[in-house]
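One file, my_file37.cif, carrying mmCIF, C-alpha atoms:
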data_model
loop_
_atom_site.group_PDB
_atom_site.id
_atom_site.type_symbol
_atom_site.label_atom_id
_atom_site.label_comp_id
_atom_site.auth_asym_id
_atom_site.auth_seq_id
_atom_site.Cartn_x
_atom_site.Cartn_y
_atom_site.Cartn_z
ATOM 1 C CA MET A 496 164.880 109.313 28.683
ATOM 2 C CA SER A 497 161.641 107.420 29.172
ATOM 3 C CA GLN A 498 160.919 104.175 27.395
ATOM 4 C CA LYS A 499 158.171 101.591 27.441
ATOM 5 C CA PRO A 500 158.849 98.905 30.079
ATOM 6 C CA GLU A 501 159.221 95.378 28.748
ATOM 7 C CA VAL A 502 160.421 91.955 29.833
ATOM 8 C CA VAL A 503 163.753 91.397 28.065
ATOM 9 C CA ARG A 504 164.569 87.895 29.307
ATOM 10 C CA LYS A 505 162.739 85.024 30.969
ATOM 11 C CA GLU A 506 164.475 82.027 32.519
ATOM 12 C CA GLU A 507 163.626 79.316 35.002
ATOM 13 C CA LEU A 508 164.468 79.945 38.641
ATOM 14 C CA SER A 509 164.716 77.193 41.228
ATOM 15 C CA ALA A 510 162.840 77.600 44.493
ATOM 16 C CA GLN A 511 166.198 77.544 46.325
ATOM 17 C CA ASP A 512 167.511 80.496 44.295
ATOM 18 C CA ALA A 513 164.333 82.581 44.573
ATOM 19 C CA LYS A 514 164.617 85.526 46.976
ATOM 20 C CA TRP A 515 160.926 86.372 47.403
ATOM 21 C CA VAL A 516 158.759 83.324 46.631
ATOM 22 C CA THR A 517 158.665 79.593 47.097
ATOM 23 C CA LEU A 518 156.612 76.926 45.347
ATOM 24 C CA GLU A 519 154.192 74.681 47.180
ATOM 25 C CA LYS A 520 152.024 71.725 46.243
ATOM 26 C CA LEU A 521 148.642 71.917 47.951
ATOM 27 C CA THR A 522 146.400 68.927 48.449
ATOM 28 C CA TRP A 523 142.783 69.911 48.930
ATOM 29 C CA LYS A 524 139.325 68.337 48.921
ATOM 30 C CA ASP A 525 136.645 69.553 46.538
ATOM 31 C CA GLN A 526 132.902 69.806 47.272
ATOM 32 C CA ASP A 527 132.518 66.081 46.528
ATOM 33 C CA GLY A 528 135.279 65.086 48.965
ATOM 34 C CA LYS A 529 137.725 64.203 46.174
ATOM 35 C CA GLU A 530 141.370 65.036 46.917
ATOM 36 C CA ARG A 531 143.032 67.229 44.329
ATOM 37 C CA ALA A 532 146.469 68.797 43.852
ATOM 38 C CA TRP A 533 147.224 72.457 43.201
ATOM 39 C CA GLU A 534 150.519 74.235 42.593
ATOM 40 C CA SER A 535 150.909 77.524 44.411
ATOM 41 C CA ALA A 536 153.470 80.274 44.895
ATOM 42 C CA SER A 537 153.906 81.777 48.351
ATOM 43 C CA ARG A 538 155.967 84.744 49.496
ATOM 44 C CA LYS A 539 158.948 83.943 51.764
ATOM 45 C CA THR A 540 158.812 87.328 53.512
ATOM 46 C CA ARG A 541 155.744 86.802 55.686
ATOM 47 C CA GLY A 542 156.127 87.681 59.350
ATOM 48 C CA LYS A 543 154.601 85.910 62.349
ATOM 49 C CA SER A 544 151.141 87.312 61.590
ATOM 50 C CA GLY A 545 151.153 85.828 58.089
ATOM 51 C CA VAL A 546 150.370 89.274 56.653
ATOM 52 C CA ASP A 547 153.103 90.895 54.590
ATOM 53 C CA ALA A 548 151.303 93.358 52.331
ATOM 54 C CA VAL A 549 148.507 95.912 52.172
ATOM 55 C CA ALA A 550 146.115 97.110 49.499
ATOM 56 C CA VAL A 551 144.818 100.655 49.954
ATOM 57 C CA LEU A 552 141.220 101.598 49.214
ATOM 58 C CA ALA A 553 141.620 105.398 49.184
ATOM 59 C CA ILE A 554 138.423 107.461 49.258
ATOM 60 C CA LEU A 555 138.932 111.011 47.941
ATOM 61 C CA LYS A 556 136.636 113.535 49.606
ATOM 62 C CA SER A 557 136.438 117.246 48.838
ATOM 63 C CA LYS A 558 136.808 119.518 51.881
ATOM 64 C CA SER A 559 134.469 121.991 50.143
ATOM 65 C CA ALA A 560 132.057 119.361 48.753
ATOM 66 C CA SER A 561 132.903 120.436 45.183
ATOM 67 C CA PHE A 562 132.971 116.818 43.964
ATOM 68 C CA ARG A 563 131.486 113.498 45.010
ATOM 69 C CA PRO A 564 133.671 110.981 46.868
ATOM 70 C CA SER A 565 135.783 108.900 44.495
ATOM 71 C CA THR A 566 138.411 106.171 44.693
ATOM 72 C CA VAL A 567 142.058 106.000 43.677
ATOM 73 C CA ILE A 568 143.364 103.372 41.285
ATOM 74 C CA ILE A 569 146.768 103.296 39.649
ATOM 75 C CA GLU A 570 148.188 101.932 36.420
ATOM 76 C CA GLN A 571 151.465 100.112 36.938
ATOM 77 C CA TYR A 572 153.675 97.889 34.781
ATOM 78 C CA ARG A 573 153.844 94.355 36.172
ATOM 79 C CA PRO A 574 156.618 92.159 34.694
ATOM 80 C CA PRO A 575 154.894 88.804 35.438
ATOM 81 C CA VAL A 576 152.116 89.682 32.988
ATOM 82 C CA GLY A 577 154.294 91.833 30.719
ATOM 83 C CA ALA A 578 151.743 94.640 30.712
ATOM 84 C CA TYR A 579 150.298 97.575 32.592
ATOM 85 C CA VAL A 580 147.587 96.628 35.083
ATOM 86 C CA ILE A 581 144.962 98.673 36.895
ATOM 87 C CA GLU A 582 145.164 98.140 40.653
ATOM 88 C CA LEU A 583 144.734 99.640 44.072
ATOM 89 C CA PRO A 584 147.849 101.240 45.556
ATOM 90 C CA ALA A 585 149.601 98.495 47.517
ATOM 91 C CA GLY A 586 152.900 97.377 48.962
ATOM 92 C CA LEU A 587 154.860 95.193 51.326
ATOM 93 C CA ILE A 588 154.909 95.875 55.057
ATOM 94 C CA ASP A 589 158.388 96.926 56.212
ATOM 95 C CA SER A 590 159.847 95.463 59.405
ATOM 96 C CA GLY A 591 158.426 97.269 62.437
ATOM 97 C CA GLU A 592 155.523 98.798 60.479
ATOM 98 C CA THR A 593 151.817 98.197 61.006
ATOM 99 C CA ALA A 594 149.466 97.568 58.097
ATOM 100 C CA GLU A 595 148.016 101.056 58.627
ATOM 101 C CA GLN A 596 151.445 102.739 58.556
ATOM 102 C CA THR A 597 152.305 100.844 55.381
ATOM 103 C CA ALA A 598 149.027 101.883 53.747
ATOM 104 C CA ILE A 599 149.662 105.575 54.468
ATOM 105 C CA ARG A 600 153.285 105.310 53.226
ATOM 106 C CA GLU A 601 152.471 103.353 50.060
ATOM 107 C CA LEU A 602 149.589 105.648 49.114
ATOM 108 C CA GLU A 603 151.849 108.699 49.352
ATOM 109 C CA GLU A 604 154.730 106.976 47.501
ATOM 110 C CA GLU A 605 152.523 105.758 44.646
ATOM 111 C CA THR A 606 150.115 108.695 44.305
ATOM 112 C CA GLY A 607 151.344 111.660 46.354
ATOM 113 C CA TYR A 608 148.123 111.659 48.413
ATOM 114 C CA LYS A 609 148.396 112.011 52.203
ATOM 115 C CA ALA A 610 145.686 110.219 54.152
ATOM 116 C CA SER A 611 144.345 109.076 57.502
ATOM 117 C CA VAL A 612 143.159 105.542 58.263
ATOM 118 C CA TRP A 613 139.422 105.091 58.044
ATOM 119 C CA LEU A 614 138.963 101.300 58.213
ATOM 120 C CA ARG A 615 141.097 98.184 58.417
ATOM 121 C CA CYS A 616 139.528 95.061 56.970
ATOM 122 C CA ARG A 617 140.790 92.299 59.258
ATOM 123 C CA ARG A 618 138.806 89.510 57.594
ATOM 124 C CA CYS A 619 140.351 89.767 54.138
ATOM 125 C CA TRP A 620 142.985 87.687 52.390
ATOM 126 C CA LEU A 621 145.432 85.682 54.469
ATOM 127 C CA ALA A 622 148.597 87.424 53.273
ATOM 128 C CA ILE A 623 147.368 90.938 52.538
ATOM 129 C CA GLN A 624 145.357 93.463 54.520
ATOM 130 C CA LEU A 625 142.952 95.941 52.925
ATOM 131 C CA VAL A 626 143.163 99.359 54.589
ATOM 132 C CA ALA A 627 140.642 102.071 53.650
ATOM 133 C CA VAL A 628 141.872 105.652 54.059
ATOM 134 C CA ASN A 629 140.323 109.116 53.675
ATOM 135 C CA VAL A 630 142.057 111.749 51.547
ATOM 136 C CA ASP A 631 140.678 115.256 52.165
ATOM 137 C CA LEU A 632 141.482 117.606 49.284
ATOM 138 C CA ASN A 633 141.475 121.364 48.975
ATOM 139 C CA GLU A 634 139.935 122.701 45.761
ATOM 140 C CA GLY A 635 142.411 122.419 42.853
ATOM 141 C CA GLU A 636 145.005 120.505 44.888
ATOM 142 C CA GLU A 637 146.961 117.948 42.854
ATOM 143 C CA PRO A 638 149.576 115.804 44.633
ATOM 144 C CA ALA A 639 152.860 114.709 43.087
ATOM 145 C CA GLN A 640 153.783 111.039 43.026
ATOM 146 C CA ASN A 641 156.935 110.354 45.077
#
Please re-express this file's structure in structure tokens.
Amino acid sequence: MSQKPEVVRKEELSAQDAKWVTLEKLTWKDQDGKERAWESASRKTRGKSGVDAVAVLAILKSKSASFRPSTVIIEQYRPPVGAYVIELPAGLIDSGETAEQTAIRELEEETGYKASVWLRCRRCWLAIQLVAVNVDLNEGEEPAQN
């Protein structure tokens, strides 16, 4: 039976009890040199590199040139916003995995597409790597999401 996802309860969680994130207070200087405060959430699961997730920019290309290159986006329910969002396939890097391996795995898990790494953007966000991959399709081929 399939039903519409929804948030059924919301309660405060202390930073000590949180499994995945911690809260931080940042002090920063604006363009005028004035110090300001900012509250931020940070993931606890970051490894030594500081990178713990990937976003996948998947470029679909037809092996027979029957369609122009296109990109893959997914629609996924996200509890923090209580709604479906449009996003790139993405996921957390498992222990012992590279960003590229994670990108290939997450793309297949979330879309069914199998891919090869085309480009790794090393100058992106601090905690997430963008990995561009090529997906070569045979005419009429439709993958199944895993």
- Output check: residues returned by the PyMOL selection byres ((chain A and resi 549-561) around 6), as an NGL selection string: :A and (548 or 562 or 564-567 or 583-586 or 598 or 623-633)
Using the selection just defined, write its residues with C-alpha atoms as a PDB file, keeping the file's coordinate frame.
ATOM      1  CA  ALA A 548     151.303  93.358  52.331  1.00  0.00           C
ATOM      2  CA  PHE A 562     132.971 116.818  43.964  1.00  0.00           C
ATOM      3  CA  PRO A 564     133.671 110.981  46.868  1.00  0.00           C
ATOM      4  CA  SER A 565     135.783 108.900  44.495  1.00  0.00           C
ATOM      5  CA  THR A 566     138.411 106.171  44.693  1.00  0.00           C
ATOM      6  CA  VAL A 567     142.058 106.000  43.677  1.00  0.00           C
ATOM      7  CA  LEU A 583     144.734  99.640  44.072  1.00  0.00           C
ATOM      8  CA  PRO A 584     147.849 101.240  45.556  1.00  0.00           C
ATOM      9  CA  ALA A 585     149.601  98.495  47.517  1.00  0.00           C
ATOM     10  CA  GLY A 586     152.900  97.377  48.962  1.00  0.00           C
ATOM     11  CA  ALA A 598     149.027 101.883  53.747  1.00  0.00           C
ATOM     12  CA  ILE A 623     147.368  90.938  52.538  1.00  0.00           C
ATOM     13  CA  GLN A 624     145.357  93.463  54.520  1.00  0.00           C
ATOM     14  CA  LEU A 625     142.952  95.941  52.925  1.00  0.00           C
ATOM     15  CA  VAL A 626     143.163  99.359  54.589  1.00  0.00           C
ATOM     16  CA  ALA A 627     140.642 102.071  53.650  1.00  0.00           C
ATOM     17  CA  VAL A 628     141.872 105.652  54.059  1.00  0.00           C
ATOM     18  CA  ASN A 629     140.323 109.116  53.675  1.00  0.00           C
ATOM     19  CA  VAL A 630     142.057 111.749  51.547  1.00  0.00           C
ATOM     20  CA  ASP A 631     140.678 115.256  52.165  1.00  0.00           C
ATOM     21  CA  LEU A 632     141.482 117.606  49.284  1.00  0.00           C
ATOM     22  CA  ASN A 633     141.475 121.364  48.975  1.00  0.00           C
TER      23      ASN A 633
END
- Task: Could you tell me which residues the PyMOL selection byres ((chain A and resi 524-540) around 10) grabs in this file, written as an MDAnalysis selection string?
- Result: chainID A and resid 510 513:523 541:543 545:548 587:589 622
- Task: Work out how far atom CA of Lys505 of chain A is from atom CA of Arg573 of chain A, in Å to one decimal.
- Result: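 A separation of 13.9 Å between them.
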- Work out how far apart atom CA of Thr593 of chain A and atom CA of Lys609 of chain A are and give it in Å to one decimal. 16.7 Å
- Message: One number please: atom CA of Tyr579 of chain A to atom CA of Gln498 of chain A, in Å, one decimal.
- Response: 13.5 Å
Reconstruct segment 573-599 of chain A at the level of N, CA and C atoms, and format the result as an mmCIF file, keeping the file's coordinate frame.
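Saved as result.cif:
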data_model
loop_
_atom_site.group_PDB
_atom_site.id
_atom_site.type_symbol
_atom_site.label_atom_id
_atom_site.label_comp_id
_atom_site.auth_asym_id
_atom_site.auth_seq_id
_atom_site.Cartn_x
_atom_site.Cartn_y
_atom_site.Cartn_z
ATOM 1 N N ARG A 573 153.556 95.553 35.385
ATOM 2 C CA ARG A 573 153.844 94.355 36.172
ATOM 3 C C ARG A 573 154.551 93.338 35.282
ATOM 4 N N PRO A 574 155.853 93.094 35.526
ATOM 5 C CA PRO A 574 156.618 92.159 34.694
ATOM 6 C C PRO A 574 156.022 90.756 34.570
ATOM 7 N N PRO A 575 155.419 90.161 35.620
ATOM 8 C CA PRO A 575 154.894 88.804 35.438
ATOM 9 C C PRO A 575 153.854 88.675 34.329
ATOM 10 N N VAL A 576 153.104 89.741 34.067
ATOM 11 C CA VAL A 576 152.116 89.682 32.988
ATOM 12 C C VAL A 576 152.583 90.439 31.751
ATOM 13 N N GLY A 577 153.730 91.113 31.855
ATOM 14 C CA GLY A 577 154.294 91.833 30.719
ATOM 15 C C GLY A 577 153.414 92.957 30.214
ATOM 16 N N ALA A 578 152.676 93.591 31.126
ATOM 17 C CA ALA A 578 151.743 94.640 30.712
ATOM 18 C C ALA A 578 151.440 95.570 31.886
ATOM 19 N N TYR A 579 150.801 96.684 31.552
ATOM 20 C CA TYR A 579 150.298 97.575 32.592
ATOM 21 C C TYR A 579 149.012 96.983 33.146
ATOM 22 N N VAL A 580 148.815 97.098 34.451
ATOM 23 C CA VAL A 580 147.587 96.628 35.083
ATOM 24 C C VAL A 580 146.976 97.775 35.882
ATOM 25 N N ILE A 581 145.681 97.714 36.066
ATOM 26 C CA ILE A 581 144.962 98.673 36.895
ATOM 27 C C ILE A 581 144.805 98.016 38.260
ATOM 28 N N GLU A 582 145.191 98.733 39.320
ATOM 29 C CA GLU A 582 145.164 98.140 40.653
ATOM 30 C C GLU A 582 145.004 99.206 41.721
ATOM 31 N N LEU A 583 144.713 98.757 42.917
ATOM 32 C CA LEU A 583 144.734 99.640 44.072
ATOM 33 C C LEU A 583 146.185 99.895 44.447
ATOM 34 N N PRO A 584 146.504 101.063 45.013
ATOM 35 C CA PRO A 584 147.849 101.240 45.556
ATOM 36 C C PRO A 584 148.096 100.128 46.588
ATOM 37 N N ALA A 585 149.313 99.619 46.631
ATOM 38 C CA ALA A 585 149.601 98.495 47.517
ATOM 39 C C ALA A 585 151.098 98.397 47.751
ATOM 40 N N GLY A 586 151.481 97.594 48.732
ATOM 41 C CA GLY A 586 152.900 97.377 48.962
ATOM 42 C C GLY A 586 153.165 96.448 50.122
ATOM 43 N N LEU A 587 154.431 96.094 50.261
ATOM 44 C CA LEU A 587 154.860 95.193 51.326
ATOM 45 C C LEU A 587 155.061 95.954 52.631
ATOM 46 N N ILE A 588 154.737 95.298 53.731
ATOM 47 C CA ILE A 588 154.909 95.875 55.057
ATOM 48 C C ILE A 588 156.379 95.772 55.445
ATOM 49 N N ASP A 589 156.997 96.913 55.762
ATOM 50 C CA ASP A 589 158.388 96.926 56.212
ATOM 51 C C ASP A 589 158.471 96.438 57.652
ATOM 52 N N SER A 590 159.625 95.929 58.044
ATOM 53 C CA SER A 590 159.847 95.463 59.405
ATOM 54 C C SER A 590 159.546 96.589 60.393
ATOM 55 N N GLY A 591 158.757 96.285 61.416
ATOM 56 C CA GLY A 591 158.426 97.269 62.437
ATOM 57 C C GLY A 591 157.236 98.152 62.097
ATOM 58 N N GLU A 592 156.671 97.996 60.905
ATOM 59 C CA GLU A 592 155.523 98.798 60.479
ATOM 60 C C GLU A 592 154.221 98.043 60.721
ATOM 61 N N THR A 593 153.151 98.793 60.970
ATOM 62 C CA THR A 593 151.817 98.197 61.006
ATOM 63 C C THR A 593 151.229 98.258 59.600
ATOM 64 N N ALA A 594 150.145 97.523 59.393
ATOM 65 C CA ALA A 594 149.466 97.568 58.097
ATOM 66 C C ALA A 594 149.004 98.991 57.798
ATOM 67 N N GLU A 595 148.500 99.691 58.820
ATOM 68 C CA GLU A 595 148.016 101.056 58.627
ATOM 69 C C GLU A 595 149.146 102.004 58.237
ATOM 70 N N GLN A 596 150.290 101.893 58.895
ATOM 71 C CA GLN A 596 151.445 102.739 58.556
ATOM 72 C C GLN A 596 151.903 102.469 57.122
ATOM 73 N N THR A 597 151.912 101.204 56.744
ATOM 74 C CA THR A 597 152.305 100.844 55.381
ATOM 75 C C THR A 597 151.329 101.425 54.368
ATOM 76 N N ALA A 598 150.042 101.352 54.662
ATOM 77 C CA ALA A 598 149.027 101.883 53.747
ATOM 78 C C ALA A 598 149.229 103.373 53.515
ATOM 79 N N ILE A 599 149.449 104.130 54.577
ATOM 80 C CA ILE A 599 149.662 105.575 54.468
ATOM 81 C C ILE A 599 150.925 105.854 53.651
#
